[in-house]
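**Q** One file: structure38.cif (mmCIF, C-alpha atoms).
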```cif
data_run
#
loop_
_atom_site.label_atom_id
_atom_site.label_comp_id
_atom_site.auth_asym_id
_atom_site.auth_seq_id
_atom_site.Cartn_x
_atom_site.Cartn_y
_atom_site.Cartn_z
CA MET A 1106 33.25 32.89 -126.35
CA LYS A 1107 34.91 31.66 -129.50
CA ILE A 1108 38.63 31.46 -130.23
CA ALA A 1109 39.49 30.93 -133.88
CA GLY A 1110 42.90 30.40 -135.46
CA LEU A 1111 44.73 32.21 -132.71
CA SER A 1112 48.50 32.62 -133.06
CA ILE A 1113 50.44 34.12 -130.20
CA ALA A 1114 54.01 35.16 -129.54
CA ARG A 1115 56.10 35.63 -126.47
CA GLY A 1116 59.14 37.89 -126.58
CA GLY A 1117 58.81 38.13 -130.37
CA ALA A 1118 58.94 34.37 -130.99
CA PRO A 1119 55.71 32.59 -131.91
CA VAL A 1120 54.80 29.94 -129.32
CA LEU A 1121 51.36 28.72 -130.35
CA GLU A 1122 49.51 28.83 -133.65
CA GLY A 1123 46.09 27.82 -134.91
CA VAL A 1124 44.52 27.64 -131.45
CA SER A 1125 40.77 27.21 -131.86
CA PHE A 1126 38.18 26.32 -129.27
CA GLU A 1127 34.89 27.44 -127.88
CA LEU A 1128 34.04 28.29 -124.29
CA THR A 1129 30.33 27.87 -123.62
CA PRO A 1130 28.50 29.11 -120.52
CA GLY A 1131 28.16 26.40 -117.92
CA ARG A 1132 31.32 24.61 -119.00
CA ALA A 1133 34.89 24.61 -117.80
CA LEU A 1134 37.87 24.10 -120.06
CA ILE A 1135 41.11 22.90 -118.53
CA LEU A 1136 44.33 23.83 -120.31
CA ARG A 1137 47.21 21.44 -119.95
CA GLY A 1138 50.72 21.33 -121.27
CA PRO A 1139 54.33 21.32 -120.09
CA ASN A 1140 56.00 24.39 -118.57
CA GLY A 1141 56.86 27.08 -121.07
CA CYS A 1142 54.53 25.83 -123.79
CA GLY A 1143 52.53 29.06 -123.83
CA LYS A 1144 49.59 28.57 -121.46
CA THR A 1145 50.11 31.86 -119.64
CA THR A 1146 50.69 33.74 -122.89
CA LEU A 1147 47.50 32.25 -124.32
CA LEU A 1148 45.51 33.30 -121.25
CA ARG A 1149 46.99 36.82 -121.28
CA THR A 1150 46.07 37.14 -124.95
CA ILE A 1151 42.51 36.02 -124.32
CA ALA A 1152 42.27 38.41 -121.37
CA GLY A 1153 43.23 41.21 -123.76
CA LEU A 1154 46.59 42.07 -122.23
CA GLN A 1155 48.46 41.44 -125.45
CA PRO A 1156 47.38 41.36 -129.08
CA PRO A 1157 47.44 38.05 -130.98
CA LEU A 1158 49.62 37.64 -134.08
CA ALA A 1159 46.62 36.29 -135.95
CA GLY A 1160 43.15 34.95 -135.25
CA THR A 1161 40.14 36.28 -133.42
CA ILE A 1162 38.59 36.19 -129.97
CA THR A 1163 34.89 36.96 -130.09
CA GLY A 1164 31.92 37.05 -127.79
CA ALA A 1165 33.46 37.97 -124.44
CA GLU A 1166 34.41 41.63 -124.69
CA GLU A 1167 34.29 43.27 -121.26
CA ASP A 1168 33.01 40.09 -119.64
CA ILE A 1169 36.31 38.50 -118.62
CA ALA A 1170 37.77 38.25 -115.15
CA TYR A 1171 41.47 37.39 -115.19
CA ALA A 1172 43.48 35.93 -112.33
CA ALA A 1173 47.21 35.55 -112.79
CA HIS A 1174 50.16 34.25 -110.78
CA SER A 1175 50.25 37.47 -108.75
CA ASP A 1176 47.07 38.43 -106.98
CA GLY A 1177 47.27 42.23 -107.03
CA ILE A 1178 46.98 42.41 -103.26
CA LYS A 1179 48.18 45.47 -101.37
CA LEU A 1180 49.99 44.23 -98.29
CA THR A 1181 49.30 47.29 -96.14
CA LEU A 1182 45.55 47.18 -96.72
CA THR A 1183 43.32 44.80 -94.82
CA VAL A 1184 41.55 41.86 -96.45
CA GLY A 1185 38.28 43.79 -96.38
CA GLU A 1186 39.82 46.92 -97.91
CA ASN A 1187 41.46 44.91 -100.69
CA LEU A 1188 38.22 43.18 -101.64
CA THR A 1189 36.10 46.31 -101.32
CA PHE A 1190 38.47 48.14 -103.63
CA TRP A 1191 38.02 45.58 -106.41
CA ALA A 1192 34.28 45.41 -105.81
CA GLU A 1193 34.11 49.19 -106.32
CA ILE A 1194 36.31 49.09 -109.43
CA PHE A 1195 34.02 46.49 -110.98
CA ALA A 1196 30.91 48.17 -109.52
CA ALA A 1197 29.66 44.76 -108.47
CA GLY A 1198 28.16 45.40 -105.07
CA SER A 1199 28.71 43.41 -101.91
CA ILE A 1200 31.82 41.50 -100.89
CA GLU A 1201 29.84 39.25 -98.50
CA PRO A 1202 29.36 36.25 -100.85
CA ALA A 1203 33.08 36.27 -101.68
CA LEU A 1204 34.03 36.33 -97.99
CA ASP A 1205 31.80 33.35 -97.28
CA ALA A 1206 32.87 31.37 -100.33
CA PHE A 1207 36.55 31.53 -99.44
CA ASP A 1208 36.18 31.49 -95.68
CA LEU A 1209 37.80 34.92 -95.23
CA ARG A 1210 35.40 36.37 -92.67
CA GLY A 1211 37.73 35.71 -89.77
CA LEU A 1212 40.57 37.51 -91.56
CA LEU A 1213 38.53 40.57 -92.55
CA ASP A 1214 40.50 43.14 -90.54
CA ARG A 1215 43.89 41.49 -90.87
CA PRO A 1216 46.43 43.37 -93.04
CA ALA A 1217 47.08 41.34 -96.18
CA GLY A 1218 50.81 41.45 -95.38
CA ALA A 1219 50.15 39.23 -92.34
CA LEU A 1220 48.45 36.49 -94.36
CA SER A 1221 50.05 33.20 -95.33
CA ALA A 1222 50.68 32.43 -99.01
CA GLY A 1223 47.59 30.23 -99.20
CA GLN A 1224 45.40 32.82 -97.50
CA LYS A 1225 46.64 35.48 -99.95
CA ARG A 1226 45.76 33.18 -102.80
CA ARG A 1227 42.27 32.72 -101.40
CA LEU A 1228 41.92 36.50 -101.19
CA GLY A 1229 43.11 36.78 -104.80
CA LEU A 1230 40.55 34.21 -105.92
CA ALA A 1231 37.79 35.86 -103.89
CA ARG A 1232 38.33 38.88 -106.15
CA LEU A 1233 36.82 36.83 -109.00
CA LEU A 1234 33.49 36.71 -107.19
CA VAL A 1235 33.31 40.49 -106.72
CA THR A 1236 33.95 41.17 -110.41
CA GLY A 1237 30.53 39.82 -111.37
CA ARG A 1238 31.92 38.72 -114.73
CA ARG A 1239 30.95 35.62 -116.64
CA TYR A 1240 34.19 34.29 -118.13
CA TRP A 1241 36.90 33.39 -115.64
CA ILE A 1242 40.40 33.13 -117.09
CA LEU A 1243 42.52 31.48 -114.41
CA ASP A 1244 46.24 30.88 -114.51
CA GLU A 1245 47.36 28.19 -112.04
CA PRO A 1246 44.70 29.17 -109.49
CA THR A 1247 45.61 26.46 -106.98
CA VAL A 1248 49.26 27.38 -106.39
CA SER A 1249 50.00 27.33 -102.63
CA LEU A 1250 46.47 26.24 -101.70
CA ASP A 1251 46.09 23.32 -99.30
CA ARG A 1252 43.90 20.37 -100.20
CA ALA A 1253 40.81 21.64 -98.38
CA SER A 1254 41.10 25.03 -100.08
CA VAL A 1255 41.50 23.41 -103.50
CA HIS A 1256 38.28 21.53 -102.82
CA GLN A 1257 36.63 24.75 -101.68
CA PHE A 1258 37.83 26.52 -104.83
CA ALA A 1259 36.53 23.72 -107.07
CA GLY A 1260 33.16 24.12 -105.36
CA VAL A 1261 33.18 27.86 -106.08
CA VAL A 1262 33.98 27.23 -109.75
CA GLU A 1263 31.20 24.64 -109.96
CA ARG A 1264 28.68 27.09 -108.52
CA HIS A 1265 29.87 29.73 -110.99
CA LEU A 1266 29.37 27.28 -113.86
CA ALA A 1267 25.92 26.36 -112.56
CA ASP A 1268 25.03 30.08 -112.60
CA GLY A 1269 25.79 30.23 -116.31
CA GLY A 1270 29.43 31.26 -116.06
CA ALA A 1271 32.38 29.68 -117.82
CA ALA A 1272 35.96 29.08 -116.79
CA LEU A 1273 39.20 28.61 -118.67
CA ILE A 1274 41.75 27.18 -116.27
CA ALA A 1275 45.42 26.41 -116.77
CA THR A 1276 46.44 23.92 -114.11
CA HIS A 1277 48.58 20.87 -113.47
CA ILE A 1278 46.46 19.25 -110.80
CA ASP A 1279 43.13 17.52 -111.00
CA LEU A 1280 40.45 19.85 -109.71
CA GLY A 1281 37.69 17.25 -109.96
CA LEU A 1282 35.74 19.54 -112.25
CA GLU A 1283 33.57 18.34 -115.05
CA GLY A 1284 34.77 19.72 -118.32
CA GLU A 1285 36.88 19.18 -121.38
CA THR A 1286 40.65 19.16 -121.30
CA LEU A 1287 42.71 20.85 -123.97
CA ASP A 1288 46.36 20.00 -124.40
CA VAL A 1289 48.06 23.18 -125.57
CA SER A 1290 51.21 21.48 -126.82
CA GLN A 1291 49.38 20.23 -129.94
CA PHE A 1292 49.27 23.83 -131.19
CA LYS A 1293 53.01 24.38 -130.75
CA ALA A 1294 54.28 26.83 -133.34
CA LYS A 1295 56.84 25.53 -135.80
CA LEU A 1296 60.13 27.36 -135.65
CA PRO A 1297 60.71 29.48 -138.75
CA ASP A 1298 63.02 27.98 -141.32
CA LEU A 1299 66.47 29.11 -140.34
CA GLU A 1300 68.51 27.78 -143.27
CA GLU A 1301 68.26 30.97 -145.28
CA PHE A 1302 69.38 32.97 -142.30
CA ASP A 1303 72.64 31.03 -142.11
CA GLU A 1304 73.66 32.00 -145.60
CA ALA A 1305 73.81 35.66 -144.73
CA PHE A 1306 76.27 34.99 -141.91
CA LEU A 1307 78.46 32.38 -143.53
CA MET B 68 37.75 55.98 -110.07
CA LYS B 69 37.05 57.38 -106.64
CA ALA B 70 37.91 53.98 -105.17
CA LEU B 71 41.30 54.01 -106.89
CA LEU B 72 42.07 57.54 -105.70
CA LEU B 73 41.09 56.72 -102.12
CA ARG B 74 43.10 53.51 -102.20
CA ASP B 75 46.21 55.32 -103.45
CA LEU B 76 45.89 58.01 -100.79
CA LYS B 77 45.43 55.34 -98.13
CA LEU B 78 48.47 53.41 -99.37
CA ALA B 79 50.60 56.54 -99.35
CA LEU B 80 49.69 57.30 -95.76
CA ARG B 81 50.19 53.77 -94.42
CA ALA B 82 53.56 52.46 -93.30
CA GLY B 83 56.08 52.25 -96.12
CA GLY B 84 53.92 54.32 -98.45
CA GLY B 85 56.65 56.89 -98.99
CA PHE B 86 54.52 59.85 -98.01
CA GLY B 87 56.79 62.64 -96.76
CA LEU B 88 59.85 61.47 -98.69
CA GLY B 89 59.63 64.35 -101.15
CA LEU B 90 58.77 66.78 -98.42
CA ALA B 91 61.81 65.75 -96.35
CA PHE B 92 64.07 66.09 -99.40
CA PHE B 93 62.67 69.57 -100.14
CA LEU B 94 63.30 70.57 -96.54
CA ILE B 95 66.88 69.28 -96.60
CA VAL B 96 67.76 71.07 -99.84
CA THR B 97 66.38 74.42 -98.81
CA VAL B 98 67.86 74.26 -95.32
CA LEU B 99 71.31 73.43 -96.70
CA VAL B 100 71.39 76.09 -99.43
CA PRO B 101 72.02 79.03 -97.01
CA PHE B 102 74.91 77.07 -95.50
CA SER B 103 76.53 76.44 -98.84
CA VAL B 104 75.93 79.92 -100.29
CA GLY B 105 76.97 81.77 -97.17
CA PRO B 106 75.29 84.39 -94.99
CA GLN B 107 74.56 86.95 -97.70
CA SER B 108 70.88 87.70 -97.30
CA GLU B 109 70.75 89.77 -100.48
CA LEU B 110 72.14 86.97 -102.64
CA LEU B 111 69.82 84.45 -100.97
CA ALA B 112 66.80 86.67 -101.63
CA ARG B 113 67.79 86.81 -105.29
CA ILE B 114 68.17 83.06 -105.78
CA ALA B 115 65.33 82.00 -103.44
CA PRO B 116 62.57 81.58 -106.10
CA GLY B 117 64.82 79.51 -108.32
CA VAL B 118 66.12 77.33 -105.48
CA LEU B 119 62.63 76.70 -104.16
CA TRP B 120 61.36 75.72 -107.59
CA LEU B 121 64.33 73.47 -108.25
CA GLY B 122 63.97 71.85 -104.83
CA ALA B 123 60.28 71.17 -105.42
CA LEU B 124 60.99 69.72 -108.86
CA LEU B 125 63.72 67.36 -107.61
CA ALA B 126 61.58 66.30 -104.65
CA CYS B 127 58.81 65.46 -107.09
CA LEU B 128 61.23 63.52 -109.28
CA LEU B 129 62.41 61.49 -106.30
CA SER B 130 59.00 59.90 -105.73
CA LEU B 131 58.26 58.98 -109.35
CA ASP B 132 59.78 55.51 -109.61
CA ARG B 133 57.28 54.09 -107.09
CA LEU B 134 54.32 55.63 -108.88
CA LEU B 135 53.46 52.63 -111.07
CA ALA B 136 56.24 50.16 -110.22
CA LEU B 137 54.55 48.94 -107.03
CA ASP B 138 51.30 48.23 -108.86
CA TRP B 139 53.23 46.48 -111.60
CA GLU B 140 55.15 44.24 -109.21
CA ASP B 141 52.14 42.85 -107.38
CA GLY B 142 50.11 42.34 -110.54
CA THR B 143 47.57 45.09 -109.83
CA LEU B 144 48.26 46.78 -113.19
CA ASP B 145 47.45 43.58 -115.11
CA LEU B 146 44.17 43.27 -113.24
CA MET B 147 43.44 46.97 -113.66
CA ALA B 148 43.98 46.65 -117.42
CA THR B 149 41.31 43.92 -117.55
CA SER B 150 38.89 45.91 -115.37
CA PRO B 151 36.16 48.25 -116.63
CA LEU B 152 38.36 51.29 -115.87
CA PRO B 153 40.11 52.56 -119.00
CA LEU B 154 43.90 52.81 -118.56
CA GLU B 155 43.70 56.51 -119.44
CA ALA B 156 41.58 57.01 -116.32
CA VAL B 157 43.92 54.84 -114.25
CA VAL B 158 47.01 56.91 -115.12
CA THR B 159 45.12 60.18 -114.63
CA ILE B 160 43.98 59.11 -111.17
CA LYS B 161 47.49 57.89 -110.37
CA ALA B 162 48.86 61.30 -111.36
CA LEU B 163 46.21 63.03 -109.27
CA ALA B 164 47.03 60.85 -106.25
CA HIS B 165 50.74 61.63 -106.74
CA TRP B 166 49.95 65.33 -106.92
CA ILE B 167 47.92 65.22 -103.70
CA THR B 168 50.42 63.15 -101.73
CA THR B 169 53.67 64.62 -103.05
CA SER B 170 53.23 67.93 -104.85
CA LEU B 171 50.56 69.54 -102.69
CA PRO B 172 52.62 69.21 -99.46
CA LEU B 173 55.53 70.81 -101.36
CA VAL B 174 53.34 73.75 -102.39
CA LEU B 175 52.18 74.20 -98.82
CA ALA B 176 55.70 73.92 -97.39
CA ALA B 177 57.28 76.29 -99.92
CA PRO B 178 56.28 79.59 -98.22
CA VAL B 179 57.62 78.34 -94.87
CA LEU B 180 60.91 77.38 -96.47
CA GLY B 181 60.90 80.72 -98.31
CA ILE B 182 61.50 82.40 -94.96
CA LEU B 183 64.73 80.41 -94.56
CA LEU B 184 65.92 81.73 -97.92
CA ASN B 185 64.95 85.33 -97.20
CA LEU B 186 62.37 85.40 -99.99
CA PRO B 187 61.07 88.99 -100.45
CA THR B 188 57.57 89.49 -99.03
CA ALA B 189 56.04 90.22 -102.44
CA GLY B 190 57.25 86.81 -103.68
CA PHE B 191 55.39 84.47 -101.32
CA GLN B 192 52.05 84.83 -103.02
CA TRP B 193 53.42 84.28 -106.52
CA LEU B 194 55.64 81.40 -105.42
CA VAL B 195 52.58 79.52 -104.16
CA VAL B 196 50.52 80.43 -107.22
CA SER B 197 53.26 79.37 -109.66
CA LEU B 198 53.81 76.07 -107.80
CA LEU B 199 50.07 75.40 -107.74
CA LEU B 200 49.88 75.96 -111.47
CA GLY B 201 53.07 74.11 -112.36
CA THR B 202 53.13 71.02 -110.15
CA PRO B 203 50.21 69.28 -111.90
CA ALA B 204 52.36 69.25 -115.04
CA LEU B 205 55.22 67.71 -113.02
CA SER B 206 52.96 64.91 -111.76
CA VAL B 207 51.43 64.18 -115.16
CA ILE B 208 54.79 64.19 -116.98
CA GLY B 209 56.22 62.04 -114.19
CA THR B 210 53.41 59.50 -114.61
CA PHE B 211 54.26 59.31 -118.30
CA GLY B 212 57.91 58.62 -117.42
CA ALA B 213 56.86 56.01 -114.88
CA ALA B 214 54.67 54.31 -117.48
CA LEU B 215 57.58 54.24 -119.93
CA THR B 216 59.92 52.52 -117.46
CA VAL B 217 57.40 50.39 -115.59
CA GLY B 218 58.76 46.97 -116.50
CA LEU B 219 62.40 47.78 -115.84
CA LYS B 220 64.23 46.75 -112.72
CA ARG B 221 65.99 49.76 -111.22
CA GLY B 222 64.41 51.97 -113.85
CA GLY B 223 64.87 55.04 -111.66
CA LEU B 224 67.93 56.33 -113.49
CA LEU B 225 66.38 55.97 -116.91
CA LEU B 226 63.19 57.54 -115.59
CA SER B 227 65.09 60.62 -114.35
CA LEU B 228 66.94 60.97 -117.66
CA LEU B 229 63.71 60.72 -119.63
CA VAL B 230 61.68 63.03 -117.45
CA LEU B 231 64.18 65.81 -116.67
CA PRO B 232 64.23 67.36 -120.18
CA LEU B 233 60.43 67.32 -120.18
CA TYR B 234 60.47 69.18 -116.85
CA VAL B 235 62.63 72.03 -118.16
CA PRO B 236 59.87 74.25 -119.66
CA THR B 237 57.83 73.97 -116.46
CA LEU B 238 60.89 74.89 -114.39
CA ILE B 239 61.78 77.87 -116.60
CA PHE B 240 58.34 79.45 -116.54
CA GLY B 241 57.57 78.49 -112.93
CA ALA B 242 60.79 79.90 -111.53
CA GLU B 243 60.47 82.95 -113.78
CA ALA B 244 56.97 83.68 -112.46
CA ALA B 245 58.16 83.32 -108.87
CA ARG B 246 61.22 85.52 -109.54
CA ARG B 247 59.22 88.26 -111.22
CA GLY B 248 56.73 88.15 -108.37
CA ALA B 249 59.52 88.52 -105.84
CA ASP B 250 60.98 91.48 -107.81
CA GLY B 251 57.57 93.13 -108.00
CA MET B 252 57.31 92.81 -111.78
CA SER B 253 54.38 91.65 -113.89
CA VAL B 254 53.93 87.86 -113.68
CA GLU B 255 51.23 87.49 -116.26
CA THR B 256 53.21 86.04 -119.18
CA PRO B 257 55.12 83.27 -117.35
CA LEU B 258 52.01 82.32 -115.41
CA LEU B 259 50.01 82.01 -118.63
CA MET B 260 52.74 79.88 -120.18
CA LEU B 261 52.88 77.73 -117.05
CA ALA B 262 49.12 77.24 -117.04
CA GLY B 263 49.28 76.40 -120.73
CA ILE B 264 51.92 73.71 -120.13
CA SER B 265 49.88 72.19 -117.31
CA ALA B 266 46.67 72.22 -119.34
CA ALA B 267 48.34 70.71 -122.41
CA THR B 268 50.11 67.91 -120.51
CA LEU B 269 46.94 67.15 -118.58
CA ALA B 270 44.95 66.90 -121.81
CA LEU B 271 47.42 64.92 -123.92
CA LEU B 272 49.81 62.88 -121.78
CA PRO B 273 47.29 60.48 -120.16
CA PHE B 274 46.67 59.03 -123.63
CA ALA B 275 50.39 58.62 -124.23
CA SER B 276 50.89 57.09 -120.76
CA ALA B 277 48.07 54.60 -121.30
CA ALA B 278 49.46 53.66 -124.72
CA VAL B 279 52.99 52.94 -123.44
CA LEU B 280 51.55 51.11 -120.44
CA ARG B 281 49.62 48.81 -122.80
CA VAL B 282 52.85 48.06 -124.65
CA ASN B 283 54.72 47.46 -121.40
CA LEU B 284 52.08 45.06 -120.08
CA ARG B 285 52.41 42.71 -123.05
#
```
Using structure tokens, write down the structure from this file.
**A**
Amino acid sequence: MKIAGLSIARGGAPVLEGVSFELTPGRALILRGPNGCGKTTLLRTIAGLQPPLAGTITGAEEDIAYAAHSDGIKLTLTVGENLTFWAEIFAAGSIEPALDAFDLRGLLDRPAGALSAGQKRRLGLARLLVTGRRYWILDEPTVSLDRASVHQFAGVVERHLADGGAALIATHIDLGLEGETLDVSQFKAKLPDLEEFDEAFL
Amino acid sequence: MKALLLRDLKLALRAGGGFGLGLAFFLIVTVLVPFSVGPQSELLARIAPGVLWLGALLACLLSLDRLLALDWEDGTLDLMATSPLPLEAVVTIKALAHWITTSLPLVLAAPVLGILLNLPTAGFQWLVVSLLLGTPALSVIGTFGAALTVGLKRGGLLLSLLVLPLYVPTLIFGAEAARRGADGMSVETPLLMLAGISAATLALLPFASAAVLRVNLR
């Protein structure tokens, strides 16, 4: 997947411009940068949820699995029903590997509303495995996970990379993954020149 | 698509799903009308088709603001938009699930409530037929309204204001068909118009709903 000269805006104001990088199968790319610098907006743009101002995203159409801050879990459905639903939407077959990878087997028949925040997060991340997609776009995947679960998650990502997948992860903690780091703040968009605007009001 | 439909039906039936809300509202309206109008069975028989149609329409309206808002709040819509399902299919299935869980019970309850309003015997059949033909349009138009207001907190008021004018043609022809049926007149023209409205909204509005949803997800 190749990102070239991408400019993105949030709420009408440009936040990042000239973002270019390449995501190759088998590699992970970690996005870093202070709060509010545009990591989430960048990930949403790459996932196709909003159009970029300029630039192109090529090579990953219909092969992206996106995981955001909210997990899309229905609280009145059980863990098994939630996962099965996504597996059917993505037509990806069995939920068994996902259950094992995130240690959810014991919670299978528990309503998702009765899970703790960390367990919900694990369920949300298990959804990635049932999508069967190659490029994982992850936005702060480790929020509310305990240390053991973070380790478990890093292991899952490593296995995904070994199987020829790729991951683009925005995170503030060290996952212990091999891969490049990209600091987003270097692409910060310059504010438009406001001097001319003043004249009209003065 | 089948998975989404089954999930929506399951969610509606589970605790807090809101199934039966519209039905209860419909029941309350039609039970209270005879009290407010007074014990004049002739007058009741005359207004029964209109009251039943209006009650069904408002009951349908009542359930609209949860249609997409719940999926938006927990992030499901974002994930759905990045899934292989096209958004056009998502909104169509959502409308279908709304029709099955909200409108269909109203259609089935209408003849029973018709007895309370002294609906003439000839009218029962045409009331059910007109509701069956008209309620799909209500669900599809309602889904469009829900898609328009999906990102707004407390968007229910705006949703009602946007959707009500779009409901008017359906109400006019639906109630007219039921009234003519009750009076023993020919129902062909209003029923054809009603079917036309349903077919047109079903064919066109999913594309509009998906388009506004894409804008709202940005």
**Q** Could you write out as a ChimeraX atom specification the residues that the PyMOL selection byres ((chain B) within 9 of (chain A)) matches in the shown file?
**A** /B:68-71,74,77-78,81-84,138-152,281-282,284-285
**Q** Report, in Å with one decimal, the straight-line distance from atom CA of Ala177 of chain B to atom CA of Leu94 of chain B.
**A**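 Spanning atom CA of Ala177 of chain B to atom CA of Leu94 of chain B is a straight-line distance of 9.0 Å.
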**Q** For atom CA of Leu1147 of chain A and atom CA of Leu1282 of chain A, quote the distance in Å rounded to one decimal.
**A** 21.1 Å
**Q** List every protein, DNA or RNA residue that has at least one atom no more than 9 Å from (31.3, 19.4, -113.9) in the file's coordinates, counting only C-alpha atoms, and write the result as a compact mmCIF listing (two decimals) with C-alpha atoms, in the coordinates of the input.
**A**
```
# COMPACT_ATOMS: atom_id res chain seq x y z
CA GLY A 1131 28.16 26.40 -117.92
CA ARG A 1132 31.32 24.61 -119.00
CA ALA A 1133 34.89 24.61 -117.80
CA GLU A 1263 31.20 24.64 -109.96
CA LEU A 1266 29.37 27.28 -113.86
CA ALA A 1267 25.92 26.36 -112.56
CA GLY A 1281 37.69 17.25 -109.96
CA LEU A 1282 35.74 19.54 -112.25
CA GLU A 1283 33.57 18.34 -115.05
CA GLY A 1284 34.77 19.72 -118.32
```
**Q** I'd like the interatomic distance between atom CA of Val179 of chain B and atom CA of Ile160 of chain B, to a tenth of an Å.
**A** 28.7 Å
**Q** Please write the residues picked by the PyMOL selection byres ((chain A and resi 1286) around 10) on this file as a list in words.
**A** Ala1133, Leu1134, Ile1135, Leu1136, Arg1137, Leu1273, Ile1274, Ala1275, Glu1283, Gly1284, Glu1285, Leu1287, Asp1288 and Val1289 of chain A
**Q** For the selection you just gave me, I'd like the residues written to a file as a PDB file, in the frame of the given file, keeping C-alpha atoms.
**A**
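Dumped everything to result.pdb:
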```pdb
ATOM      1  CA  ALA A1133      34.890  24.610-117.800  1.00  0.00           C
ATOM      2  CA  LEU A1134      37.870  24.100-120.060  1.00  0.00           C
ATOM      3  CA  ILE A1135      41.110  22.900-118.530  1.00  0.00           C
ATOM      4  CA  LEU A1136      44.330  23.830-120.310  1.00  0.00           C
ATOM      5  CA  ARG A1137      47.210  21.440-119.950  1.00  0.00           C
ATOM      6  CA  LEU A1273      39.200  28.610-118.670  1.00  0.00           C
ATOM      7  CA  ILE A1274      41.750  27.180-116.270  1.00  0.00           C
ATOM      8  CA  ALA A1275      45.420  26.410-116.770  1.00  0.00           C
ATOM      9  CA  GLU A1283      33.570  18.340-115.050  1.00  0.00           C
ATOM     10  CA  GLY A1284      34.770  19.720-118.320  1.00  0.00           C
ATOM     11  CA  GLU A1285      36.880  19.180-121.380  1.00  0.00           C
ATOM     12  CA  LEU A1287      42.710  20.850-123.970  1.00  0.00           C
ATOM     13  CA  ASP A1288      46.360  20.000-124.400  1.00  0.00           C
ATOM     14  CA  VAL A1289      48.060  23.180-125.570  1.00  0.00           C
TER      15      VAL A1289
END
```
**Q** Which residues are near segment 1217-1231 of chain A? Cut-off 6 Å, only C-alpha atoms, ignore same chain within fewer than 4 positions. Put them as a PDB file with C-alpha atoms, keeping the file's coordinate frame.
**A**
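This went into part.pdb:
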```
ATOM      1  CA  ASP A1176      47.070  38.430-106.980  1.00  0.00           C
ATOM      2  CA  LEU A1180      49.990  44.230 -98.290  1.00  0.00           C
ATOM      3  CA  THR A1183      43.320  44.800 -94.820  1.00  0.00           C
ATOM      4  CA  VAL A1184      41.550  41.860 -96.450  1.00  0.00           C
ATOM      5  CA  ALA A1203      33.080  36.270-101.680  1.00  0.00           C
ATOM      6  CA  SER A1249      50.000  27.330-102.630  1.00  0.00           C
ATOM      7  CA  LEU A1250      46.470  26.240-101.700  1.00  0.00           C
TER       8      LEU A1250
END
```
**Q** Tell me which residues the PyMOL selection byres ((chain B and resi 203-206) around 7) grabs here, as a PyMOL selection string.
**A** chain B and resi 162+165-166+200-202+207-210+234+264-265+268-269
**Q** Any chance you can output those residues with C-alpha atoms as a CSV table (one decimal), in the coordinates of the input?
**A**
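That gives us selection38.csv:
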```csv
chain,number,residue,atom,x,y,z
B,162,ALA,CA,48.9,61.3,-111.4
B,165,HIS,CA,50.7,61.6,-106.7
B,166,TRP,CA,50.0,65.3,-106.9
B,200,LEU,CA,49.9,76.0,-111.5
B,201,GLY,CA,53.1,74.1,-112.4
B,202,THR,CA,53.1,71.0,-110.2
B,207,VAL,CA,51.4,64.2,-115.2
B,208,ILE,CA,54.8,64.2,-117.0
B,209,GLY,CA,56.2,62.0,-114.2
B,210,THR,CA,53.4,59.5,-114.6
B,234,TYR,CA,60.5,69.2,-116.8
B,264,ILE,CA,51.9,73.7,-120.1
B,265,SER,CA,49.9,72.2,-117.3
B,268,THR,CA,50.1,67.9,-120.5
B,269,LEU,CA,46.9,67.2,-118.6
```
**Q** Have a look at A:Ala1259, A:Ile1151, A:Leu1121, A:Leu1188 and name the one nearest to Arg1232 of chain A; count only C-alpha atoms.
**A**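 Closest to Arg1232 of chain A, using only C-alpha atoms: A:Leu1188.
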**Q** Env of Asn283 of chain B: 9 Å cut, atoms = all atoms listed in the file, seq-sep filter 2 positions within chain, self excluded. Answer as a list in words.
**A**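 What passes the distance filter is Ala214, Leu215, Thr216, Val217, Gly218, Ala278, Val279, Leu280, Arg281 and Arg285 of chain B.
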**Q** Between B:Leu228, B:Ala277, B:Leu271, B:Val196, which residue has the minimum interatomic distance to Leu258 of chain B, considering all atoms listed in the file?
**A**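 Residue with the minimum atom-to-atom distance to Leu258 of chain B: B:Val196.
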**Q** At a cut-off of 10 Å around the point (69.1, 77.4, -94.7) (file coordinates), what residues fall inside when counting all atoms listed in the file? I'd like the answer as a ChimeraX atom specification.
**A** /B:94-106,111,180-185
**Q** Might I get the box with edges along x, y and z of the file that holds all atoms of segment 197-215 of chain B listed there, padded by 5 Å on every side, given as centre and edge lengths in Å to one decimal, as AutoDock Vina command-line options?
**A**
```
--center_x 53.9 --center_y 66.8 --center_z -113.8 --size_x 18.0 --size_y 35.1 --size_z 22.2
```
**Q** My list of candidates is B:Leu238, B:Leu224, B:Leu219, B:Leu171. Which is closest to Ala136 of chain B when distances are computed with all atoms listed in the file?
**A**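 Between B:Leu238, B:Leu224, B:Leu219, B:Leu171, the residue approaching Ala136 of chain B most closely is B:Leu219.
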